[in-house]
file coords-v1.cif (mmCIF, C-alpha atoms)
data_data
#
loop_
_atom_site.label_atom_id
_atom_site.label_comp_id
_atom_site.auth_asym_id
_atom_site.auth_seq_id
_atom_site.Cartn_x
_atom_site.Cartn_y
_atom_site.Cartn_z
CA MET A 1 14.57 62.71 9.21
CA HIS A 2 12.94 64.55 6.31
CA PHE A 3 14.34 65.80 3.00
CA GLU A 4 12.50 67.87 0.40
CA VAL A 5 13.36 66.50 -3.05
CA PRO A 6 13.14 69.29 -5.63
CA TRP A 7 11.80 68.97 -9.16
CA LEU A 8 14.17 69.62 -12.07
CA GLY A 9 12.87 70.85 -15.37
CA SER A 10 15.66 68.98 -17.14
CA ALA A 11 18.19 66.34 -16.16
CA PRO A 12 21.64 67.49 -15.03
CA LYS A 13 24.78 66.44 -16.82
CA ILE A 14 26.15 63.40 -15.01
CA ASP A 15 29.82 64.23 -14.55
CA ALA A 16 30.47 63.98 -10.77
CA VAL A 17 30.85 67.77 -10.42
CA TRP A 18 29.37 68.91 -7.10
CA ASP A 19 29.55 72.66 -7.67
CA LYS A 20 27.32 73.03 -10.71
CA GLU A 21 23.72 73.73 -11.63
CA PRO A 22 21.31 72.52 -10.42
CA TRP A 23 23.12 71.15 -7.35
CA LEU A 24 24.37 74.61 -6.35
CA TRP A 25 20.94 75.70 -5.13
CA ILE A 26 19.98 72.40 -3.44
CA ALA A 27 20.90 72.05 0.24
CA PRO A 28 22.72 68.81 1.04
CA LEU A 29 21.75 66.21 3.58
CA ALA A 30 24.45 65.10 6.03
CA VAL A 31 25.39 61.43 6.30
CA ASP A 32 26.82 61.85 9.78
CA LYS A 33 25.04 59.57 12.28
CA VAL A 34 27.45 56.93 13.62
CA LEU A 35 26.34 53.31 13.72
CA GLY A 36 28.06 51.19 16.35
CA ASP A 37 31.16 52.34 18.19
CA PRO A 38 32.69 55.74 17.31
CA PRO A 39 35.13 55.16 14.44
CA ILE A 40 38.79 56.16 14.39
CA HIS A 41 38.18 57.78 10.98
CA ARG A 42 34.91 59.65 10.43
CA PRO A 43 34.48 60.96 6.88
CA TYR A 44 32.47 64.10 6.18
CA ALA A 45 29.75 62.79 3.86
CA GLN A 46 26.98 64.71 2.09
CA ALA A 47 24.37 63.86 -0.53
CA LYS A 48 21.83 65.67 -2.68
CA VAL A 49 18.75 64.29 -4.45
CA ALA A 50 16.50 65.76 -7.13
CA TYR A 51 14.06 64.36 -9.67
CA ASP A 52 12.82 64.97 -13.17
CA ALA A 53 10.17 63.40 -15.38
CA GLU A 54 12.14 60.18 -15.86
CA ALA A 55 14.62 59.67 -13.06
CA LEU A 56 16.07 60.32 -9.64
CA ASN A 57 19.35 62.21 -9.68
CA VAL A 58 21.75 61.61 -6.77
CA ILE A 59 25.17 63.02 -5.97
CA PHE A 60 27.50 62.34 -3.04
CA ARG A 61 30.55 64.27 -1.86
CA ILE A 62 32.88 62.70 0.68
CA GLU A 63 35.81 64.33 2.46
CA ASP A 64 37.69 61.15 3.19
CA ARG A 65 40.92 59.32 4.02
CA TYR A 66 42.00 55.66 3.84
CA ILE A 67 40.25 55.32 0.48
CA ARG A 68 40.17 52.10 -1.48
CA ALA A 69 38.22 50.52 -4.36
CA VAL A 70 39.03 46.94 -5.34
CA ALA A 71 35.60 45.41 -6.11
CA ARG A 72 35.23 44.58 -9.80
CA GLY A 73 32.17 43.99 -11.92
CA TYR A 74 28.50 44.29 -11.09
CA GLN A 75 27.19 42.93 -7.76
CA GLY A 76 30.65 42.76 -6.21
CA ARG A 77 31.43 43.37 -2.54
CA VAL A 78 31.49 47.15 -2.85
CA TRP A 79 30.62 47.76 0.83
CA GLU A 80 34.10 46.55 1.75
CA ASP A 81 35.54 49.51 -0.19
CA SER A 82 35.05 53.25 0.31
CA CYS A 83 31.34 53.12 -0.42
CA VAL A 84 28.15 55.20 -0.42
CA GLU A 85 24.72 53.61 -0.32
CA PHE A 86 21.13 54.61 -1.05
CA PHE A 87 18.43 52.39 0.47
CA PHE A 88 14.87 53.32 -0.45
CA THR A 89 11.27 52.17 -0.73
CA PRO A 90 9.58 53.55 -3.88
CA GLY A 91 6.59 54.56 -1.80
CA ALA A 92 5.72 55.43 1.79
CA HIS A 93 5.53 51.92 3.27
CA PRO A 94 8.77 50.11 4.22
CA GLY A 95 6.81 46.87 4.58
CA ASP A 96 6.56 46.70 0.78
CA GLY A 97 10.30 46.07 0.60
CA TYR A 98 13.23 48.25 -0.33
CA PHE A 99 16.04 48.65 -2.84
CA ASN A 100 19.67 48.85 -1.75
CA LEU A 101 21.88 50.59 -4.30
CA GLU A 102 25.48 50.52 -3.11
CA MET A 103 28.45 52.00 -5.01
CA ASN A 104 32.11 52.29 -4.21
CA CYS A 105 34.14 55.38 -5.02
CA GLY A 106 35.16 53.84 -8.36
CA GLY A 107 31.58 53.33 -9.58
CA ALA A 108 31.26 49.57 -9.02
CA ALA A 109 27.78 48.70 -7.78
CA PHE A 110 25.58 46.24 -5.91
CA PHE A 111 21.81 46.62 -6.49
CA HIS A 112 19.05 44.43 -5.01
CA HIS A 113 15.43 44.53 -3.90
CA GLN A 114 14.26 42.65 -0.81
CA THR A 115 11.37 42.68 1.64
CA ALA A 116 13.72 42.48 4.67
CA ARG A 117 17.36 41.61 5.21
CA GLY A 118 17.93 38.36 3.31
CA ARG A 119 14.23 37.81 2.57
CA ASP A 120 12.77 37.62 -0.96
CA VAL A 121 16.02 38.98 -2.35
CA VAL A 122 15.93 39.81 -6.08
CA PRO A 123 19.06 41.20 -7.78
CA VAL A 124 18.38 44.03 -10.20
CA GLY A 125 19.34 42.66 -13.61
CA GLU A 126 22.54 43.90 -15.17
CA ALA A 127 20.74 45.14 -18.30
CA ASP A 128 18.52 47.31 -16.09
CA PHE A 129 21.48 48.52 -14.06
CA ARG A 130 23.32 49.55 -17.22
CA ARG A 131 20.56 52.08 -17.87
CA LEU A 132 21.91 54.17 -14.98
CA GLU A 133 24.24 57.00 -15.90
CA ILE A 134 27.15 57.04 -13.44
CA ALA A 135 30.14 59.35 -12.99
CA HIS A 136 32.86 59.29 -10.34
CA SER A 137 35.86 61.48 -9.63
CA LEU A 138 38.23 58.64 -8.71
CA PRO A 139 39.46 55.80 -10.95
CA ALA A 140 37.65 52.46 -10.97
CA ILE A 141 40.42 50.80 -8.95
CA VAL A 142 42.08 52.52 -5.98
CA ASP A 143 44.78 50.18 -4.70
CA PRO A 144 46.86 50.68 -2.64
CA GLU A 145 44.71 52.64 -0.26
CA ILE A 146 44.98 56.43 -0.30
CA GLU A 147 45.76 57.42 3.29
CA GLY A 148 45.91 61.19 2.85
CA PRO A 149 42.88 63.52 2.86
CA LEU A 150 40.94 63.65 -0.39
CA ALA A 151 37.44 64.73 -1.43
CA TRP A 152 35.69 62.46 -3.92
CA THR A 153 32.31 62.59 -5.64
CA LEU A 154 29.91 60.07 -7.13
CA GLU A 155 26.85 60.98 -9.19
CA TYR A 156 24.17 58.92 -10.90
CA ARG A 157 20.85 59.15 -12.67
CA LEU A 158 18.44 56.32 -11.85
CA PRO A 159 15.51 55.82 -14.27
CA VAL A 160 12.37 55.20 -12.21
CA GLU A 161 10.98 52.93 -14.94
CA ILE A 162 13.36 50.07 -14.17
CA LEU A 163 12.19 49.83 -10.54
CA GLY A 164 8.70 48.66 -11.51
CA LYS A 165 10.09 45.31 -12.65
CA TYR A 166 10.97 44.49 -9.05
CA ALA A 167 8.43 46.23 -6.80
CA PRO A 168 5.31 48.41 -6.80
CA VAL A 169 6.35 52.00 -7.46
CA VAL A 170 4.69 55.29 -6.63
CA ARG A 171 6.23 57.58 -9.21
CA PRO A 172 7.82 60.76 -7.88
CA ALA A 173 5.47 63.73 -8.07
CA ALA A 174 4.51 66.67 -5.91
CA GLY A 175 3.14 65.35 -2.62
CA VAL A 176 4.56 61.83 -2.96
CA VAL A 177 6.70 60.49 -0.10
CA TRP A 178 9.26 57.70 -0.29
CA ARG A 179 11.20 56.28 2.66
CA ALA A 180 15.00 56.13 2.45
CA ASN A 181 18.36 56.22 4.12
CA PHE A 182 21.81 57.20 2.89
CA TYR A 183 24.96 55.55 4.18
CA LYS A 184 28.75 55.78 4.07
CA CYS A 185 30.88 52.75 4.92
CA GLY A 186 34.23 51.13 4.36
CA ASP A 187 34.15 47.67 5.92
CA LYS A 188 37.57 46.49 4.76
CA THR A 189 39.41 49.79 4.64
CA SER A 190 42.14 50.24 7.23
CA ARG A 191 39.81 52.53 9.21
CA PRO A 192 36.31 50.96 9.05
CA HIS A 193 33.27 53.17 9.66
CA TRP A 194 29.50 53.12 9.28
CA LEU A 195 27.51 56.36 8.95
CA ALA A 196 23.87 57.14 8.15
CA TRP A 197 21.64 60.10 7.34
CA SER A 198 18.66 58.87 9.37
CA PRO A 199 19.75 57.48 12.77
CA VAL A 200 19.71 53.70 13.25
CA ASN A 201 19.42 53.14 16.99
CA LEU A 202 20.97 49.70 17.34
CA PRO A 203 24.07 48.50 19.18
CA ARG A 204 25.74 47.19 16.01
CA PRO A 205 25.82 48.64 12.47
CA ASP A 206 22.92 47.40 10.34
CA PHE A 207 21.85 49.26 7.20
CA HIS A 208 19.00 46.86 6.41
CA ARG A 209 16.53 48.36 8.86
CA PRO A 210 13.79 50.17 6.90
CA GLU A 211 11.94 51.01 10.11
CA TYR A 212 14.62 53.68 10.60
CA PHE A 213 14.39 55.16 7.11
CA GLY A 214 13.68 58.88 6.83
CA GLU A 215 11.30 60.60 4.42
CA LEU A 216 11.98 61.80 0.90
CA ALA A 217 9.18 64.26 0.15
CA PHE A 218 8.90 65.18 -3.52
CA GLY A 219 8.09 68.80 -4.24
#
call {"tool": "encode", "arguments": {"input": "coords-v1.cif", "output": "structure tokens"}}
result
Amino acid sequence: MHFEVPWLGSAPKIDAVWDKEPWLWIAPLAVDKVLGDPPIHRPYAQAKVAYDAEALNVIFRIEDRYIRAVARGYQGRVWEDSCVEFFFTPGAHPGDGYFNLEMNCGGAAFFHHQTARGRDVVPVGEADFRRLEIAHSLPAIVDPEIEGPLAWTLEYRLPVEILGKYAPVVRPAAGVVWRANFYKCGDKTSRPHWLAWSPVNLPRPDFHRPEYFGELAFG
């Protein structure tokens, strides 16, 4: 999989609005490849990515059901909620390790760097995480679960500078390629599911497989 990441002259307002400039003119990527058995509930998940001089800008839009958010605080178990995830290597070589930035629909997050699943794991410090700007369309806590259909959005601005504390970074610029995958999950919702942008060809769901990451090509 390959996605062209456009350059922005200025950072967008982080407000979780999907239909605004500059996102209006950027084609979304589809987070629609099933991991494991076909789920009973299959959300329609999309994401967009762009960059500016200081940061990556990411927005997700999910047409969903059976939505919940109960994780509290930083580094909680957000993957058990209605969650979107961005795994990436800040360069072209997955062997250098990868970041996993996971957020539930209420904006709670889990953010680590590791060289492989469970190996050389380093949590991103909370002070660094707090430098992200985050906006979400749903409240921080969604409990009880929302069974009916609902579209929700999550948007954030990730300063590239903080990544260099945890791994070598090739800064985004024209011609630079990172490796990445985007995921949608909901492990402890009443209708669990695991979806990816770049296919992960394994019998059971496993997001921590950088050999299956696609390409983010900066323009």
call {"tool": "atom_distance", "arguments": {"input": "coords-v1.cif", "atom1": "atom CA of A:Leu138", "atom2": "atom CA of A:Leu150"}}
result
10.1 Å
call {"tool": "closest_residue", "arguments": {"input": "coords-v1.cif", "among": "A:Leu202, A:Ala173, A:Ala47, A:Ile162", "to": "A:Glu63", "atoms": "only C-alpha atoms"}}
result
A:Ala47
call {"tool": "resolve_selection", "arguments": {"input": "coords-v1.cif", "expression": "the PyMOL selection byres ((chain A and resi 182) around 6)", "output": "MDAnalysis selection string"}}
result
chainID A and resid 85:86 181 183 196:197
call {"tool": "resolve_selection", "arguments": {"input": "coords-v1.cif", "expression": "the PyMOL selection byres ((chain A and resi 188) around 9)", "output": "ChimeraX atom specification"}}
result
/A:68,79-82,186-187,189-192
call {"tool": "resolve_selection", "arguments": {"input": "coords-v1.cif", "expression": "the PyMOL selection byres ((chain A and resi 175) around 10)", "output": "list in words"}}
result
Pro172, Ala173, Ala174, Val176, Val177, Ala217, Phe218 and Gly219 of chain A
call {"tool": "atom_distance", "arguments": {"input": "coords-v1.cif", "atom1": "atom CA of A:Lys184", "atom2": "atom CA of A:Val84"}}
result
4.6 Å
call {"tool": "closest_residue", "arguments": {"input": "coords-v1.cif", "among": "A:Asp143, A:Leu163, A:Asp37, A:Gln75", "to": "A:Pro205", "atoms": "all atoms listed in the file"}}
result
A:Asp37
call {"tool": "atom_distance", "arguments": {"input": "coords-v1.cif", "atom1": "atom CA of A:Ile62", "atom2": "atom CA of A:Met103"}}
result
12.9 Å
call {"tool": "residues_around", "arguments": {"input": "coords-v1.cif", "residues": "stretch 118-121 of chain A", "least_positions_apart": "5", "cutoff": "12 Å", "atoms": "all atoms listed in the file", "output": "NGL selection string"}}
result
:A and (95-100 or 111-113 or 166-167 or 208-209)
call {"tool": "residues_around", "arguments": {"input": "coords-v1.cif", "residues": "stretch 76-78 of chain A", "least_positions_apart": "5", "cutoff": "7 Å", "atoms": "only C-alpha atoms", "output": "NGL selection string"}}
result
:A and (71 or 83 or 102-104 or 108-110)
call {"tool": "axis_aligned_box", "arguments": {"input": "coords-v1.cif", "around": "stretch 77-92 of chain A", "padding_each_side": "5 Å", "output": "JSON"}}
result
{"center_x": 20.6, "center_y": 49.4, "center_z": -1.0, "size_x": 39.8, "size_y": 22.1, "size_z": 15.7}
call {"tool": "residues_around", "arguments": {"input": "coords-v1.cif", "residues": "A:Leu195", "least_positions_apart": "2", "cutoff": "10 Å", "atoms": "all atoms listed in the file", "output": "ChimeraX atom specification"}}
result
/A:30-36,38-39,42-45,84,182-186,193,197-200,205,207
call {"tool": "closest_residue", "arguments": {"input": "coords-v1.cif", "among": "A:His41, A:Arg157, A:His2, A:Lys165", "to": "A:Arg179", "atoms": "all atoms listed in the file"}}
result
A:His2
call {"tool": "residues_around", "arguments": {"input": "coords-v1.cif", "residues": "A:Ala11", "least_positions_apart": "4", "cutoff": "12 Å", "atoms": "all atoms listed in the file", "output": "list in words"}}
result
Trp7, Asp15, Glu21, Pro22, Trp23, Val49, Ala50, Tyr51, Asp52, Ala53, Glu54, Ala55, Leu56, Asn57, Val58, Glu133, Tyr156, Arg157, Leu158 and Pro159 of chain A
call {"tool": "closest_residue", "arguments": {"input": "coords-v1.cif", "among": "A:Ala180, A:Val160, A:Cys105, A:Ala16", "to": "A:Glu215", "atoms": "all atoms listed in the file"}}
result
A:Ala180
call {"tool": "closest_residue", "arguments": {"input": "coords-v1.cif", "among": "A:Gly91, A:Gly164, A:Pro12, A:Pro6", "to": "A:Ala27", "atoms": "only C-alpha atoms"}}
result
A:Pro6
call {"tool": "closest_residue", "arguments": {"input": "coords-v1.cif", "among": "A:Leu24, A:Val17, A:Val70, A:Ala127", "to": "A:Pro139", "atoms": "only C-alpha atoms"}}
result
A:Val70
call {"tool": "residues_around", "arguments": {"input": "coords-v1.cif", "residues": "A:Glu147", "least_positions_apart": "3", "cutoff": "7 Å", "atoms": "only C-alpha atoms", "output": "PyMOL selection string"}}
result
chain A and resi 65-67
call {"tool": "residues_near_point", "arguments": {"input": "coords-v1.cif", "point": "(7.7, 51.9, 9.5)", "cutoff": "9 Å", "atoms": "all atoms listed in the file", "output": "list in words"}}
result
Ala92, His93, Pro94, Gly95, Arg179, Pro210, Glu211, Tyr212 and Phe213 of chain A
call {"tool": "write_last_selection", "arguments": {"input": "coords-v1.cif", "atoms": "C-alpha atoms", "output": "PDB file, in the coordinates of the input"}}
result
ATOM      1  CA  ALA A  92       5.720  55.430   1.790  1.00  0.00           C
ATOM      2  CA  HIS A  93       5.530  51.920   3.270  1.00  0.00           C
ATOM      3  CA  PRO A  94       8.770  50.110   4.220  1.00  0.00           C
ATOM      4  CA  GLY A  95       6.810  46.870   4.580  1.00  0.00           C
ATOM      5  CA  ARG A 179      11.200  56.280   2.660  1.00  0.00           C
ATOM      6  CA  PRO A 210      13.790  50.170   6.900  1.00  0.00           C
ATOM      7  CA  GLU A 211      11.940  51.010  10.110  1.00  0.00           C
ATOM      8  CA  TYR A 212      14.620  53.680  10.600  1.00  0.00           C
ATOM      9  CA  PHE A 213      14.390  55.160   7.110  1.00  0.00           C
TER      10      PHE A 213
END
call {"tool": "build_atoms", "arguments": {"input": "coords-v1.cif", "residues": "stretch 115-130 of chain A", "atoms": "N, CA and C atoms", "output": "PDB file, keeping the file's coordinate frame"}}
result
ATOM      1  N   THR A 115      12.427  42.262   0.730  1.00  0.00           N
ATOM      2  CA  THR A 115      11.370  42.680   1.640  1.00  0.00           C
ATOM      3  C   THR A 115      11.900  42.923   3.044  1.00  0.00           C
ATOM      4  N   ALA A 116      12.999  42.280   3.409  1.00  0.00           N
ATOM      5  CA  ALA A 116      13.720  42.480   4.670  1.00  0.00           C
ATOM      6  C   ALA A 116      15.097  41.891   4.453  1.00  0.00           C
ATOM      7  N   ARG A 117      16.003  42.129   5.379  1.00  0.00           N
ATOM      8  CA  ARG A 117      17.360  41.610   5.210  1.00  0.00           C
ATOM      9  C   ARG A 117      17.333  40.117   4.902  1.00  0.00           C
ATOM     10  N   GLY A 118      17.830  39.749   3.702  1.00  0.00           N
ATOM     11  CA  GLY A 118      17.930  38.360   3.310  1.00  0.00           C
ATOM     12  C   GLY A 118      16.629  37.682   2.965  1.00  0.00           C
ATOM     13  N   ARG A 119      15.532  38.419   2.851  1.00  0.00           N
ATOM     14  CA  ARG A 119      14.230  37.810   2.570  1.00  0.00           C
ATOM     15  C   ARG A 119      13.711  38.265   1.213  1.00  0.00           C
ATOM     16  N   ASP A 120      13.315  37.313   0.378  1.00  0.00           N
ATOM     17  CA  ASP A 120      12.770  37.620  -0.960  1.00  0.00           C
ATOM     18  C   ASP A 120      13.724  38.511  -1.743  1.00  0.00           C
ATOM     19  N   VAL A 121      15.003  38.153  -1.714  1.00  0.00           N
ATOM     20  CA  VAL A 121      16.020  38.980  -2.350  1.00  0.00           C
ATOM     21  C   VAL A 121      15.995  38.769  -3.866  1.00  0.00           C
ATOM     22  N   VAL A 122      15.922  39.859  -4.616  1.00  0.00           N
ATOM     23  CA  VAL A 122      15.930  39.810  -6.080  1.00  0.00           C
ATOM     24  C   VAL A 122      17.004  40.778  -6.577  1.00  0.00           C
ATOM     25  N   PRO A 123      18.073  40.285  -7.192  1.00  0.00           N
ATOM     26  CA  PRO A 123      19.060  41.200  -7.780  1.00  0.00           C
ATOM     27  C   PRO A 123      18.451  41.980  -8.944  1.00  0.00           C
ATOM     28  N   VAL A 124      18.762  43.236  -9.023  1.00  0.00           N
ATOM     29  CA  VAL A 124      18.380  44.030 -10.200  1.00  0.00           C
ATOM     30  C   VAL A 124      19.254  43.569 -11.367  1.00  0.00           C
ATOM     31  N   GLY A 125      18.613  43.209 -12.471  1.00  0.00           N
ATOM     32  CA  GLY A 125      19.340  42.660 -13.610  1.00  0.00           C
ATOM     33  C   GLY A 125      20.390  43.621 -14.153  1.00  0.00           C
ATOM     34  N   GLU A 126      21.446  43.059 -14.691  1.00  0.00           N
ATOM     35  CA  GLU A 126      22.540  43.900 -15.170  1.00  0.00           C
ATOM     36  C   GLU A 126      22.093  44.798 -16.314  1.00  0.00           C
ATOM     37  N   ALA A 127      21.221  44.297 -17.196  1.00  0.00           N
ATOM     38  CA  ALA A 127      20.740  45.140 -18.300  1.00  0.00           C
ATOM     39  C   ALA A 127      19.987  46.351 -17.768  1.00  0.00           C
ATOM     40  N   ASP A 128      19.212  46.166 -16.703  1.00  0.00           N
ATOM     41  CA  ASP A 128      18.520  47.310 -16.090  1.00  0.00           C
ATOM     42  C   ASP A 128      19.519  48.245 -15.423  1.00  0.00           C
ATOM     43  N   PHE A 129      20.475  47.680 -14.709  1.00  0.00           N
ATOM     44  CA  PHE A 129      21.480  48.520 -14.060  1.00  0.00           C
ATOM     45  C   PHE A 129      22.235  49.364 -15.069  1.00  0.00           C
ATOM     46  N   ARG A 130      22.545  48.815 -16.222  1.00  0.00           N
ATOM     47  CA  ARG A 130      23.320  49.550 -17.220  1.00  0.00           C
ATOM     48  C   ARG A 130      22.581  50.763 -17.762  1.00  0.00           C
TER      49      ARG A 130
END
